[in-house]
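Trainee: Below you'll find the structure I mean.
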Amino acid sequence: MAAGQKKKATDTEAQPADIKPSRKASGRVDAFRELSQRIAAGEEVIPPVLLTGQARREHVRSTLREDHAQRIEQRSHGAEEKFDKLADNLFKFFRGTALLFYRDMVGQDSNMPSVMALGDVHPENFGVMPDAHGTPIFGVNDFDETVYAPFTWDLKRGAVGFWIGAGEEAGFTRKKRRKIVKKFVKGYLEAMEAYAEHATEKNDNYRMDNSPEVVQRLFKEAWEERQTWLWDDYLKPSGRGFKASDELQPITNQVEKFQKAIDDLAKSNGIDAPERTGELKVKDVCVRHGQGTASLGLPRYYVLLEGPSKDATDDLIIEFKRARRSALDGLSPPSDFNAGDKADRIAHGQAVQLARGDIFYGAVEIDGESFMSRERAPFRDDIDLDELSYGTWKEYARTCGAALAQAHALSDDLGQIDYDVEPSIIAAASPRGLFVADIMRFAEEAADRLEADHAFFRQDHAQGAFDSIDMVYR
C-alpha cells in the first residue's frame, strides 16, 4: 500500500473504538404531535406525505424501524416473520404499517366531528365474535388502535383497505374497486342517517337472524362446537392443558401469575357469569406464536380456564396480548377527548364501539407491562376475501360501512363525545356527492403512494435495513 494511502474498512472489519453510537435515535412521537397541532391550526408546513424519491424512502425506513424498535432490539423471531410477510404482499404491508399511513394524515380534518375511532379499518378487521352472553355477533373486531379522532380517519383508512384488498385478494380492476369502495362509504352514510333519525345504534348488532346473506354465510362457516374446537386445536389428550405445537408453547409453571391476571380482570370487569365461566380457575397457560399481522412479534398468551362441567368440554380460552401506543397517537388533530393509554385505551374503545360485547375484553398488568385481554371463541372468525365474488364484495363492503357507522354512533352514548354525533356527521358529509368523491380520490392517491412505499420497503428489507434500529452517532 502506498505511503499515506488509507485503507477502507470493510463491512466485516471492526470499527475503531472511538466510533460508537452515543445513543439510540429517539422516537418522533412528540415531533409529530407538534406537527399535528401546527397543521390543525392552519400553518403552512410540509408533511411527510409530500416527500418523494430518496427522502420518502428514508422516511418509510425510519418510521418502520421506530415502530418496531423494541421487537428489533429483542431479536424477536416474530419481527423477522412480520417483515417477511410485509415484503411478500401489498395488503399485508398496508395492514402492518398503520403508523406510516397515519403520519401521512398528520393534523388533517381538524374541522370534522370526532368519534371513538377504530383506527385500523380494513376488510379483515370485521368479523364474528362473542357478545356478553357468548353469542356470536358481527362487527368491528380489532381495537388495538382505537382513539378519539375525526370520523373521516376511519372512513379513509377503510376506503384504502377495501381498495387494496379488492385488488390484491381478488385482482379486480380499478373500475370495480371504485364501486366496492363507494359501497363501503355509502353503507356508512346510509346507516348514519338511519341512526340520526331513529337512534337504534345500541340495539343494532348484526346477528345470524338479521344479517345480509354474505354475513349469514360467515356465521355458518365460523360456527364450530366448543368441545370439537378445544380438542382438535388446543388440548392435549388428557384434556388437562395445552398441547405443544409450532403455534402453542405451554408454560404451565406460570399458572399462578396468570391466575392473578384473571382475578384482576374479573374484579375490574365485574365478571359474574358462573354458568359460562365456572370458578375462573386457570388450568394452563401457553405462549401463542405467529398470530396477527400488525401485532406479530408482540408477546401473546393463551390462558385455559376450567369450564363449569370440569370435563374439558366447555373450557374457555382467554387471550392476553401486550398493548402498545396507538398508531394515531399524536397524529390526529388535538382533542378534548382522551381514551387513556395502552390496554386501558383499547378496553375503553371496545366498551364504546361494541355495546354488550365480550365480558373478557379488558386491561391488566403482567410483569409490569400493559396487556389487553379477550376471549377466544370457536366461532371467532373473519371473512375469506379470496372466496368473494364481485357482487358479494360490494355487499360485504356496504355491510362493513354500516357496522362502522354503528360503532361511531355509540361515541356519544357510551363514550366521551358531548354532542350529537349522527347529525354532525351527516352535516359534515354534505354535499354527499362531493364528500364521497373526496374519499375516493384520497383512497386512490394513498393506495398508489403505498405501492411506491412497498417497493422501497422490499428493496431495503432485502438489504438488511430492518435488522437494526436508527442510532445517533454524533
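Going through the C-alpha cells in order, the chains are called A, B, and so on, while each chain numbers its residues from 1 and the ligands are numbered from 1 in the order shown.
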Could you name the residues that touch stretch 188-202 of chain A at 10 Å or less, counting only C-alpha atoms, but leaving out those on the same chain fewer than 6 positions away, as JSON, numbers by chain?
Mentor: {"A": [155, 182, 353, 354, 355, 356, 397, 398, 399, 400, 401, 402, 403, 404, 405, 406, 407, 408, 409, 410, 413, 414, 420, 421, 422, 423, 424, 425, 426, 429, 432, 436]}
Trainee: Would you list the contacts of stretch 208-215 of chain A as a PyMOL selection string, taking every protein, DNA or RNA residue within 9 Å and counting only C-alpha atoms, but skipping same-chain residues closer than 2 positions in sequence?
Mentor: chain A and resi 127-128+136-138+205-206+217-220+383+388+392-393+395-396+399
Trainee: Since we have the selection now, will you write its residues out, keeping N, CA and C atoms, as a compact mmCIF listing (two decimals), in the first residue's frame?
Mentor:
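part.txt, written as the output of this step:
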```txt
# COMPACT_ATOMS: atom_id res chain seq x y z
N GLY A 127 -65.66 -9.00 11.77
CA GLY A 127 -65.82 -10.44 11.84
C GLY A 127 -66.81 -10.87 12.89
N VAL A 128 -66.88 -12.18 13.09
CA VAL A 128 -67.77 -12.79 14.07
C VAL A 128 -67.01 -12.96 15.38
N PRO A 136 -72.66 -15.42 19.14
CA PRO A 136 -71.93 -14.79 18.04
C PRO A 136 -72.63 -13.56 17.47
N ILE A 137 -71.86 -12.51 17.25
CA ILE A 137 -72.31 -11.29 16.59
C ILE A 137 -71.25 -10.88 15.58
N PHE A 138 -71.63 -9.99 14.64
CA PHE A 138 -70.70 -9.49 13.63
C PHE A 138 -70.50 -8.00 13.82
N ASN A 205 -76.93 -4.76 16.77
CA ASN A 205 -75.88 -5.73 16.48
C ASN A 205 -76.30 -6.67 15.35
N TYR A 206 -75.35 -6.99 14.47
CA TYR A 206 -75.62 -7.95 13.41
C TYR A 206 -75.56 -9.36 14.00
N ARG A 217 -73.57 -16.18 5.77
CA ARG A 217 -72.67 -17.24 5.33
C ARG A 217 -71.44 -17.32 6.23
N LEU A 218 -70.94 -16.17 6.65
CA LEU A 218 -69.79 -16.14 7.55
C LEU A 218 -70.15 -16.77 8.89
N PHE A 219 -71.34 -16.45 9.43
CA PHE A 219 -71.79 -17.07 10.68
C PHE A 219 -71.78 -18.60 10.55
N LYS A 220 -72.32 -19.11 9.45
CA LYS A 220 -72.40 -20.56 9.27
C LYS A 220 -71.02 -21.18 9.15
N ILE A 383 -63.72 -12.84 7.40
CA ILE A 383 -64.11 -13.26 6.06
C ILE A 383 -62.92 -13.78 5.26
N LEU A 388 -64.77 -14.37 -2.22
CA LEU A 388 -65.89 -13.50 -2.53
C LEU A 388 -65.97 -13.17 -4.02
N THR A 392 -70.58 -10.11 -4.03
CA THR A 392 -70.51 -10.25 -2.57
C THR A 392 -69.48 -9.30 -1.98
N TRP A 393 -68.43 -8.94 -2.74
CA TRP A 393 -67.50 -7.90 -2.28
C TRP A 393 -68.27 -6.61 -2.02
N GLU A 395 -71.51 -6.22 -1.47
CA GLU A 395 -72.43 -6.40 -0.35
C GLU A 395 -71.68 -6.37 0.97
N TYR A 396 -70.53 -7.02 1.00
CA TYR A 396 -69.72 -7.04 2.22
C TYR A 396 -69.22 -5.64 2.57
N THR A 399 -72.00 -3.64 4.10
CA THR A 399 -72.28 -4.11 5.46
C THR A 399 -71.23 -3.61 6.44
```
Trainee: Counting only C-alpha atoms, which of A:Tyr419, A:Trp153, A:Phe143, A:Phe258 gets nearest to A:Lys342?
Mentor: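 Of A:Tyr419, A:Trp153, A:Phe143, A:Phe258, the one nearest A:Lys342, counting only C-alpha atoms, is A:Phe143.
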Trainee: Using DSSP assignments from the backbone, pull out every residue in stretch 51-277 of chain A that falls under alpha helix (DSSP H) and give it to me as a PyMOL selection string.
Mentor: chain A and resi 53-67+69-73+77-88+90-95+98-103+151-168+174-198+213-222+226-233+255-269+274-277
Trainee: Just want the 10 Å neighbourhood of A:Gly42, counted on only C-alpha atoms, with same-chain residues fewer than 5 positions away dropped. Output as a list in words.
Mentor: Gln37, Gly107, Gln108 and Ser110 of chain A
Trainee: At a cut-off of 9 Å, can you tabulate as JSON lines every residue of stretch 86-156 of chain A near stretch 440-448 of chain A together with its closest atom pair and the distance in Å to one decimal, using only C-alpha atoms and ordering rows by chain then number?
Mentor:
```
{"residue": "A:Phe94", "atom": "CA", "partner": "A:Ala447", "partner_atom": "CA", "distance": 8.9}
{"residue": "A:Phe101", "atom": "CA", "partner": "A:Ala446", "partner_atom": "CA", "distance": 8.4}
{"residue": "A:Asp104", "atom": "CA", "partner": "A:Ala446", "partner_atom": "CA", "distance": 9.0}
{"residue": "A:Lys156", "atom": "CA", "partner": "A:Ala443", "partner_atom": "CA", "distance": 6.5}
```
Trainee: Filtering to N, CA and C atoms, could you give me those residues as a tab-separated table (two decimals), in the first residue's frame?
Mentor:
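Output (selection-v5.tsv):
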```tsv
chain	number	residue	atom	x	y	z
A	94	PHE	N	-49.93	-2.89	3.95
A	94	PHE	CA	-50.90	-1.88	4.38
A	94	PHE	C	-51.36	-2.16	5.81
A	101	PHE	N	-49.01	5.07	7.53
A	101	PHE	CA	-50.24	5.59	6.91
A	101	PHE	C	-50.71	6.86	7.61
A	104	ASP	N	-48.85	10.24	7.29
A	104	ASP	CA	-49.21	10.98	6.08
A	104	ASP	C	-50.47	11.82	6.29
A	156	LYS	N	-61.38	6.95	5.68
A	156	LYS	CA	-60.27	6.97	4.72
A	156	LYS	C	-59.43	5.71	4.83
```
